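Peer 1: What follows is a structure written as structure tokens; I'll ask about it next.
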Amino acid sequence: MRKTYDGKIEAVRGLNLEIQAGECFGLLGPNGAGKTTTIEILEGLLQPSSGQVTILGHTWGTHTRELREWLGISLQETRLSEKLSVRETIELFASFYRQPRSSAEVMEELQLTEKADAWVGKLSGGQRQRLAVATALVGNPKILFLDEPTTGLDPQSRRQLWEIVRAFLRGGGTVLLTTHYMDEAERLCDRLAVIDHGQVIAEGTPSDLIERLGGHHVVEFAVSGGPDTDFNYWKALPGVDSIRHEDGIISLSVREPHNTIPALLDMVRMQNLQLLHLTTRQASLEDVFVHLTGRHLREG
Amino acid sequence: MAIAERTPVAQMNRLSPPPRLNGRWSGFAQLLLARMKELVREPELIFWIFGFPLLLALGLGIAFRNKPAEVTSIAIVSNPGAQEIANMIQQSPQGSSIRAQVLDRAQALQAFHFGKYDLVVEPDGRGGVRYIYDPSRSETVLSRAEVDDALQSGAGRKNPVPVSSFVSTEPGSRYIDFLIPGLLGMTLMNSGMWGVGFALVDMRQRKLLKRFVATPMRKSDFLLALAGSRLALMLIEIGLLLGLGMLAFHVRVLGSLWNILVLGTLGSVAFGGLRLLAACRARKIETVSGIINLAMMPMWIFSGVFFSYEHFPARTLPYIKALPLTALNDALRATILQGASLSSQAGRILVLALWGGISFVLALRWFRWT
């Protein structure tokens, strides 16, 4: 699948994805990577310049109406009418579907019951985002498309939204979401595609991707003193798969930190260096992304 | 790309109450309801749609209401014989409607130029007078005739033809009678263009239109609901303005209410199409407000809202009559003031229908949902 704008800018090139029913699939990538273009093509809101989209065995153009009934969509940024109440907004969206769910039930599920009669203009960011998801869920969709559902939300609101997505998955639904948050992708998604410059640069389960990085653990440390802190010393430590140097901090991807760390400390002593900093942590998708592109996710 | 090719093993089994089924028109009904609620909750909009035209009608109606009897103010230059002339005018049959003041020449001329006096009478000292008037000011021409009449009959002229006059200020021919239908037409144009044009662009900006087309909503339902909300407002607007005219200014409505509503609906459809066209692609409020102003300005001036378009050069009249607001105003005037039938307004109705139809089709073709 491809999408070009004005025949010049290629937002998405040669993208090919298979998303299984009942899974949560994440599109992960920095801003401008082509996530929104991709999801909007899948949603039938944009025409691909070439390529084809099949959803539940149907294609846009031939079965538009059926597909619209099956999809629940939350766009990256929709400002719903401010002068309508939460209940009225959900009722409005429910009325478009042949067989919607009850508004009261959806409000209960998304913890909006308390705010049922409040105007949309008076809601907090988290409440608005939950309402946006509510308008997607009220149509009783088989597939939920969420474009950056938690961008700009506080941690508690993010967790609430994750719970909502998990509940939808438990009910047998399929979810496709885009995010530039690593932790979100790791916690929520069964499978992921990392997108950069409109192309899939890696695809798999979160743990797969981390596995491919070469190690589950990251040892980060900083030293001072030695004039010749050659990277090769560190690379040669037992169990080190790859090494990265950034802002004076050296990061090692390692398989077995309990072998690497004592050797690292010995090396520091032998070289007469001073250890300024040492931490170990689980490898994250952020590490995968940096490994794949040499850039951080948030740098875009 | 393929999404969810296989159906999931675990079918959705939510503990939902018996499923509710939506009928064909539930989307339309909810859209209309939501639109009306939004309107009611926007107090400024209510003022511009209802309050403003009412205030305008009230203000203009009071300013131009028929004054009891027109009094002509004239200045008499204080030459010798001025007082005699003043007395002669006072004693003539027209004396009660002429108020004369004696001033020196410079003062009299200055006040005349500022519009305080309608005429300057300059005695030549030998029993004759000179009238100073301005042919481009109709009231000075009238005063000249009136004062001349008064002077001549005061001096003893006998009229060879006996005449009598009858005063006619019946409702139906006054300025307010002319004004109310014109304001009605203008209100239908204004509120339609602004209210819905802005709403559409605003919804496009908020990506609400995009969100709507991402649902199974029928696009035609959405546009019909917008049109429906306009028609509901139109009923209220017609009711208020006609009510005000009838109660405050005793405007007599000769045509049937049904015919007026038919015309109002046609007008709303014509302006509905135009505003859809104006707002069909614009992404910014500024753009659409410019387009709307550009479209409405000529009609405010040429379409005979406040004064008759017959004042414009005859060559321009066919173009003026082809404007939708002209057609609507003319048809409303004929219906309200003269009780004209709809069939006698067929030409104007055709003009409205063409504007509405053509702009609607173009707007739908070019409409930008995302």
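Residue numbering restarts at 1 in every chain; chains get A, B, ... in the order shown in the structure tokens, and ligands count up from 1 in that same order.
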Could you give me the residues within segment 45-82 of chain A that DSSP places in alpha helix (DSSP H), as a PDB file with N, CA and C atoms, in the first residue's frame?

Peer 2:
ATOM      1  N   THR A  64     -18.827  -0.136   1.722  1.00  0.00           N
ATOM      2  CA  THR A  64     -18.557   0.964   2.638  1.00  0.00           C
ATOM      3  C   THR A  64     -19.518   0.977   3.820  1.00  0.00           C
ATOM      4  N   ARG A  65     -20.797   0.847   3.507  1.00  0.00           N
ATOM      5  CA  ARG A  65     -21.808   0.970   4.552  1.00  0.00           C
ATOM      6  C   ARG A  65     -21.625  -0.114   5.633  1.00  0.00           C
ATOM      7  N   GLU A  66     -21.411  -1.379   5.199  1.00  0.00           N
ATOM      8  CA  GLU A  66     -21.224  -2.459   6.175  1.00  0.00           C
ATOM      9  C   GLU A  66     -19.984  -2.199   7.020  1.00  0.00           C
ATOM     10  N   LEU A  67     -18.899  -1.810   6.342  1.00  0.00           N
ATOM     11  CA  LEU A  67     -17.658  -1.590   7.086  1.00  0.00           C
ATOM     12  C   LEU A  67     -17.851  -0.496   8.124  1.00  0.00           C
ATOM     13  N   ARG A  68     -18.573   0.573   7.754  1.00  0.00           N
ATOM     14  CA  ARG A  68     -18.801   1.659   8.701  1.00  0.00           C
ATOM     15  C   ARG A  68     -19.539   1.163   9.940  1.00  0.00           C
ATOM     16  N   GLU A  69     -20.453   0.188   9.730  1.00  0.00           N
ATOM     17  CA  GLU A  69     -21.189  -0.370  10.865  1.00  0.00           C
ATOM     18  C   GLU A  69     -20.256  -1.157  11.789  1.00  0.00           C
ATOM     19  N   TRP A  70     -19.207  -1.736  11.196  1.00  0.00           N
ATOM     20  CA  TRP A  70     -18.351  -2.642  11.979  1.00  0.00           C
ATOM     21  C   TRP A  70     -17.208  -1.921  12.666  1.00  0.00           C
TER      22      TRP A  70
END

Peer 1: When DSSP works through the backbone of this structure, what residues of segment 86-278 of chain A end up as strand (DSSP E), shown as a count of residues only?

Peer 2: 49

Peer 1: Closest to Ser251 of chain A among A:Val268, A:Glu220, A:Gln156, A:Leu278, using only C-alpha atoms?

Peer 2: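 The closest residue to Ser251 of chain A is A:Glu220.
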
Peer 1: So which residues touch Phe302 of chain B within 12 Å, counting only C-alpha atoms, skipping near sequence neighbours fewer than 2 positions away, as a PyMOL selection string?

Peer 2: chain B and resi 182+186+295-300+304-313+316-327+329

Peer 1: Output the contact residues of chain A with respect to chain B at a cut-off of 6 Å, based on only C-alpha atoms, as a list in words.

Peer 2: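 Result, ordered by chain then number: Asn16, Leu17, Glu18, Ile19, Gln20, Ala21, Gly22, Val53, Thr54, Ile55, Leu56, Gly57, Arg65, Arg68, Glu69, Thr78, Arg79, Lys83, Leu92, Ser95, Phe96, Arg98, Gln99, Gly171 and Gly172 of chain A.
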
Peer 1: Just how far from atom CA of Met267 of chain A is atom CA of Asn232 of chain A, in Å to one decimal?

Peer 2: 11.7 Å

Peer 1: Using only C-alpha atoms, which protein or nucleic acid residues come within 9 Å of Arg255 of chain A? Drop anything in the same chain fewer than 3 positions from it, and give the result as a ChimeraX atom specification.

Peer 2: /A:214-218,239-241,259-260

Peer 1: Which of these residues is nearest to Arg368 of chain B, using only C-alpha atoms: B:Phe178, B:Leu58, B:Ala282, B:Ser289?

Peer 2: B:Ala282

Peer 1: With distances taken over only C-alpha atoms, which residue among B:Ser341, B:Gln101, B:Thr335, B:Ser136 lies nearest Ile260 of chain B?

Peer 2: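 Closest to Ile260 of chain B, using only C-alpha atoms: B:Thr335.
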
Peer 1: Have a look at atom CA of Asp147 of chain A and atom CA of Tyr181 of chain A and let me know their distance in Å, one decimal.

Peer 2: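 Pair atom CA of Asp147 of chain A / atom CA of Tyr181 of chain A returns 12.0 Å.
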
Peer 1: For Gly51 of chain B, work out the shell of residues within 12 Å, counting only C-alpha atoms and skipping chain neighbours fewer than 3 positions away, then give it as a list of chain:residue names.

Peer 2: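 Here the qualifying residues turn out to be B:Pro43, B:Glu44, B:Leu45, B:Ile46, B:Phe47, B:Trp48, B:Leu54, B:Leu55, B:Leu56, B:Ala57, B:Leu58, B:Thr187, B:Ser191, B:Ile236, B:Glu237, B:Leu240, B:Leu241, B:Leu244.
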
Peer 1: Could you save the residues just selected, with N, CA and C atoms, as an mmCIF file, in the first residue's frame?

Peer 2:
data_model
loop_
_atom_site.group_PDB
_atom_site.id
_atom_site.type_symbol
_atom_site.label_atom_id
_atom_site.label_comp_id
_atom_site.auth_asym_id
_atom_site.auth_seq_id
_atom_site.Cartn_x
_atom_site.Cartn_y
_atom_site.Cartn_z
ATOM 1 N N PRO B 43 -26.564 31.846 22.927
ATOM 2 C CA PRO B 43 -27.407 33.040 23.080
ATOM 3 C C PRO B 43 -27.130 34.120 22.028
ATOM 4 N N GLU B 44 -25.852 34.303 21.657
ATOM 5 C CA GLU B 44 -25.561 35.371 20.676
ATOM 6 C C GLU B 44 -26.273 35.079 19.365
ATOM 7 N N LEU B 45 -26.267 33.792 19.016
ATOM 8 C CA LEU B 45 -26.875 33.411 17.752
ATOM 9 C C LEU B 45 -28.364 33.750 17.759
ATOM 10 N N ILE B 46 -28.993 33.477 18.895
ATOM 11 C CA ILE B 46 -30.411 33.773 19.014
ATOM 12 C C ILE B 46 -30.651 35.264 18.777
ATOM 13 N N PHE B 47 -29.755 36.088 19.322
ATOM 14 C CA PHE B 47 -29.941 37.522 19.121
ATOM 15 C C PHE B 47 -29.820 37.878 17.648
ATOM 16 N N TRP B 48 -28.769 37.378 16.990
ATOM 17 C CA TRP B 48 -28.558 37.772 15.594
ATOM 18 C C TRP B 48 -29.646 37.228 14.685
ATOM 19 N N LEU B 54 -35.750 42.056 14.400
ATOM 20 C CA LEU B 54 -36.889 42.679 15.081
ATOM 21 C C LEU B 54 -36.549 44.114 15.465
ATOM 22 N N LEU B 55 -35.350 44.308 16.040
ATOM 23 C CA LEU B 55 -34.941 45.655 16.430
ATOM 24 C C LEU B 55 -34.861 46.569 15.215
ATOM 25 N N LEU B 56 -34.342 46.029 14.119
ATOM 26 C CA LEU B 56 -34.213 46.808 12.893
ATOM 27 C C LEU B 56 -35.595 47.248 12.413
ATOM 28 N N ALA B 57 -36.535 46.312 12.404
ATOM 29 C CA ALA B 57 -37.886 46.639 11.940
ATOM 30 C C ALA B 57 -38.509 47.685 12.853
ATOM 31 N N LEU B 58 -38.297 47.478 14.161
ATOM 32 C CA LEU B 58 -38.890 48.401 15.126
ATOM 33 C C LEU B 58 -38.300 49.790 14.937
ATOM 34 N N THR B 187 -33.783 38.767 6.442
ATOM 35 C CA THR B 187 -33.527 37.924 7.611
ATOM 36 C C THR B 187 -33.325 36.474 7.195
ATOM 37 N N SER B 191 -29.649 34.960 8.234
ATOM 38 C CA SER B 191 -29.470 33.936 9.254
ATOM 39 C C SER B 191 -29.096 32.627 8.590
ATOM 40 N N ILE B 236 -40.207 30.486 12.813
ATOM 41 C CA ILE B 236 -40.199 31.416 13.942
ATOM 42 C C ILE B 236 -39.927 32.835 13.448
ATOM 43 N N GLU B 237 -38.975 32.974 12.533
ATOM 44 C CA GLU B 237 -38.634 34.307 12.031
ATOM 45 C C GLU B 237 -39.825 34.963 11.345
ATOM 46 N N LEU B 240 -42.404 35.946 13.991
ATOM 47 C CA LEU B 240 -42.028 37.114 14.800
ATOM 48 C C LEU B 240 -42.152 38.418 14.009
ATOM 49 N N LEU B 241 -41.589 38.429 12.797
ATOM 50 C CA LEU B 241 -41.574 39.684 12.034
ATOM 51 C C LEU B 241 -42.975 40.090 11.597
ATOM 52 N N LEU B 244 -44.807 41.259 14.666
ATOM 53 C CA LEU B 244 -44.415 42.615 15.047
ATOM 54 C C LEU B 244 -45.067 43.635 14.118
#

Peer 1: Excluding Gly139 of chain A and any residue of its chain fewer than 4 positions from it, enumerate the residues within 6 Å of it, using only C-alpha atoms, and give them as a list in words.

Peer 2: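 My list of contacting residues is Ala94, Tyr97 and Pro100 of chain A.
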
Peer 1: For the residues selected in the previous step, produce a file with C-alpha atoms as a JSON list (two decimals), in the first residue's frame.

Peer 2:
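Now in out.json:
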[["chain", "number", "residue", "atom", "x", "y", "z"],
["A", 94, "ALA", "CA", -25.60, 5.84, 18.48],
["A", 97, "TYR", "CA", -25.76, 2.72, 13.64],
["A", 100, "PRO", "CA", -26.06, 0.40, 18.69]]

Peer 1: Please measure the separation of atom CA of Pro80 of chain B and atom CA of Pro123 of chain B, giving the value in Å to one decimal.

Peer 2: 7.2 Å

Peer 1: Could you make a table, as a tab-separated table, of the residues of segment 139-246 of chain A that have an atom within 12 Å of an atom of segment 282-290 of chain A, each with its nearest atom pair and distance in Å to one decimal, counting only C-alpha atoms, in chain and number order?

Peer 2:
residue	atom	partner	partner_atom	distance
A:His180	CA	A:Glu286	CA	9.7
A:Tyr181	CA	A:Glu286	CA	8.7
A:Met182	CA	A:Leu285	CA	5.6
A:Asp183	CA	A:Leu285	CA	7.7
A:Glu184	CA	A:Leu285	CA	10.0
A:Ala185	CA	A:Leu285	CA	8.2
A:Glu186	CA	A:Leu285	CA	7.2
A:Arg187	CA	A:Leu285	CA	10.8
A:Cys189	CA	A:Leu285	CA	11.9
A:Leu192	CA	A:Leu285	CA	10.1
A:Ala193	CA	A:Phe289	CA	11.0
A:Val194	CA	A:Phe289	CA	7.7
A:Ile195	CA	A:Phe289	CA	9.5
A:Asp196	CA	A:Phe289	CA	9.4
A:Val200	CA	A:Phe289	CA	11.7
A:Ile201	CA	A:Phe289	CA	9.2
A:Ala202	CA	A:Phe289	CA	9.1
A:Glu203	CA	A:Val288	CA	11.2
A:Gly204	CA	A:Leu285	CA	11.5
A:Thr205	CA	A:Leu285	CA	10.6
A:Pro206	CA	A:Leu285	CA	7.2
A:Ser207	CA	A:Leu285	CA	8.8
A:Asp208	CA	A:Leu285	CA	10.3
A:Leu209	CA	A:Val288	CA	6.8
A:Ile210	CA	A:Val288	CA	6.1
A:Glu211	CA	A:Ala283	CA	9.0
A:Arg212	CA	A:Val288	CA	8.2
A:Leu213	CA	A:Val288	CA	6.0
A:Gly214	CA	A:Val288	CA	9.6
A:Gly215	CA	A:Ala283	CA	7.2
A:His216	CA	A:Ala283	CA	5.0
A:His217	CA	A:Gln282	CA	4.5
A:Val218	CA	A:Ala283	CA	5.5
A:Val219	CA	A:Gln282	CA	8.9
A:Glu220	CA	A:Ala283	CA	11.0
A:Ser242	CA	A:Asp287	CA	11.1
A:Ile243	CA	A:Asp287	CA	11.2
A:Arg244	CA	A:Val290	CA	9.5
A:His245	CA	A:Val290	CA	11.6
A:Glu246	CA	A:Val290	CA	11.2

Peer 1: Using N, CA and C atoms, can you write the selected residues to a file as a CSV table (one decimal), in the first residue's frame?

Peer 2:
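Contents of again.csv, as written:
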chain,number,residue,atom,x,y,z
A,180,HIS,N,2.9,7.0,20.0
A,180,HIS,CA,4.3,7.1,20.0
A,180,HIS,C,4.9,6.9,21.4
A,181,TYR,N,4.0,6.3,22.3
A,181,TYR,CA,4.5,5.9,23.6
A,181,TYR,C,4.9,4.5,23.6
A,182,MET,N,6.1,4.2,24.0
A,182,MET,CA,6.6,2.9,24.0
A,182,MET,C,5.9,2.0,25.1
A,183,ASP,N,5.7,2.6,26.3
A,183,ASP,CA,5.1,1.8,27.3
A,183,ASP,C,3.7,1.4,27.0
A,184,GLU,N,3.0,2.3,26.3
A,184,GLU,CA,1.6,2.0,25.9
A,184,GLU,C,1.6,0.8,24.9
A,185,ALA,N,2.5,0.8,23.9
A,185,ALA,CA,2.6,-0.3,23.0
A,185,ALA,C,2.9,-1.6,23.7
A,186,GLU,N,3.9,-1.5,24.6
A,186,GLU,CA,4.3,-2.7,25.3
A,186,GLU,C,3.2,-3.4,26.1
A,187,ARG,N,2.5,-2.5,26.8
A,187,ARG,CA,1.5,-3.0,27.7
A,187,ARG,C,0.2,-3.5,27.0
A,189,CYS,N,-0.4,-3.9,23.4
A,189,CYS,CA,-0.4,-4.6,22.0
A,189,CYS,C,0.0,-6.0,22.0
A,192,LEU,N,3.1,-5.6,17.0
A,192,LEU,CA,3.4,-4.2,16.7
A,192,LEU,C,4.1,-4.1,15.4
A,193,ALA,N,3.9,-2.9,14.7
A,193,ALA,CA,4.7,-2.6,13.6
A,193,ALA,C,5.4,-1.3,13.9
A,194,VAL,N,6.7,-1.2,13.8
A,194,VAL,CA,7.4,0.0,14.0
A,194,VAL,C,7.5,0.7,12.7
A,195,ILE,N,7.0,1.9,12.6
A,195,ILE,CA,7.0,2.7,11.3
A,195,ILE,C,7.9,3.8,11.4
A,196,ASP,N,8.7,4.0,10.3
A,196,ASP,CA,9.5,5.2,10.2
A,196,ASP,C,9.6,5.6,8.8
A,200,VAL,N,7.5,0.1,7.3
A,200,VAL,CA,7.6,-0.8,8.4
A,200,VAL,C,9.0,-1.2,8.6
A,201,ILE,N,9.6,-0.8,9.7
A,201,ILE,CA,11.0,-1.2,9.9
A,201,ILE,C,11.2,-2.4,10.8
A,202,ALA,N,10.1,-2.8,11.5
A,202,ALA,CA,10.2,-4.0,12.3
A,202,ALA,C,8.7,-4.4,12.6
A,203,GLU,N,8.5,-5.7,12.8
A,203,GLU,CA,7.1,-6.1,13.1
A,203,GLU,C,7.2,-7.3,13.9
A,204,GLY,N,6.4,-7.5,14.9
A,204,GLY,CA,6.3,-8.6,15.8
A,204,GLY,C,5.7,-8.3,17.1
A,205,THR,N,5.8,-9.3,18.0
A,205,THR,CA,5.3,-9.0,19.3
A,205,THR,C,6.3,-8.1,20.1
A,206,PRO,N,5.8,-7.4,21.1
A,206,PRO,CA,6.8,-6.6,21.8
A,206,PRO,C,8.0,-7.3,22.3
A,207,SER,N,7.8,-8.5,22.8
A,207,SER,CA,9.0,-9.3,23.3
A,207,SER,C,9.9,-9.8,22.2
A,208,ASP,N,9.2,-10.1,21.1
A,208,ASP,CA,10.0,-10.5,19.9
A,208,ASP,C,11.0,-9.4,19.5
A,209,LEU,N,10.4,-8.2,19.4
A,209,LEU,CA,11.2,-7.0,19.0
A,209,LEU,C,12.4,-6.8,19.9
A,210,ILE,N,12.1,-6.9,21.2
A,210,ILE,CA,13.1,-6.7,22.2
A,210,ILE,C,14.2,-7.8,22.1
A,211,GLU,N,13.7,-9.0,21.9
A,211,GLU,CA,14.6,-10.1,21.7
A,211,GLU,C,15.5,-9.9,20.6
A,212,ARG,N,15.0,-9.3,19.5
A,212,ARG,CA,15.8,-9.1,18.3
A,212,ARG,C,16.9,-8.0,18.6
A,213,LEU,N,16.7,-7.2,19.6
A,213,LEU,CA,17.7,-6.2,20.0
A,213,LEU,C,18.9,-6.9,20.5
A,214,GLY,N,18.7,-8.2,20.9
A,214,GLY,CA,19.9,-8.9,21.3
A,214,GLY,C,19.9,-9.2,22.8
A,215,GLY,N,19.2,-8.5,23.6
A,215,GLY,CA,19.2,-8.7,25.0
A,215,GLY,C,18.0,-8.1,25.7
A,216,HIS,N,17.6,-8.7,26.8
A,216,HIS,CA,16.5,-8.2,27.5
A,216,HIS,C,16.8,-7.0,28.5
A,217,HIS,N,18.1,-6.9,28.7
A,217,HIS,CA,18.5,-6.0,29.7
A,217,HIS,C,19.5,-4.9,29.2
A,218,VAL,N,19.4,-3.8,29.8
A,218,VAL,CA,20.3,-2.7,29.4
A,218,VAL,C,21.1,-2.3,30.6
A,219,VAL,N,22.4,-2.2,30.5
A,219,VAL,CA,23.2,-1.7,31.6
A,219,VAL,C,23.8,-0.4,31.1
A,220,GLU,N,23.5,0.7,31.9
A,220,GLU,CA,23.9,2.0,31.5
A,220,GLU,C,24.9,2.5,32.6
A,242,SER,N,25.3,-5.4,22.1
A,242,SER,CA,25.6,-4.2,21.3
A,242,SER,C,25.9,-3.1,22.3
A,243,ILE,N,26.4,-2.0,21.8
A,243,ILE,CA,26.8,-0.9,22.7
A,243,ILE,C,26.5,0.4,22.0
A,244,ARG,N,26.1,1.3,22.9
A,244,ARG,CA,25.7,2.6,22.3
A,244,ARG,C,26.3,3.7,23.3
A,245,HIS,N,26.7,4.8,22.7
A,245,HIS,CA,27.3,5.9,23.5
A,245,HIS,C,26.5,7.1,23.3
A,246,GLU,N,26.1,7.7,24.4
A,246,GLU,CA,25.2,8.9,24.2
A,246,GLU,C,25.3,9.8,25.4

Peer 1: What's the 9 Å shell around Ile349 of chain B, counting only C-alpha atoms, without same-chain residues fewer than 6 positions away, as JSON, numbers by chain?

Peer 2: {"B": [263, 266, 267, 327, 328, 331, 342, 343]}
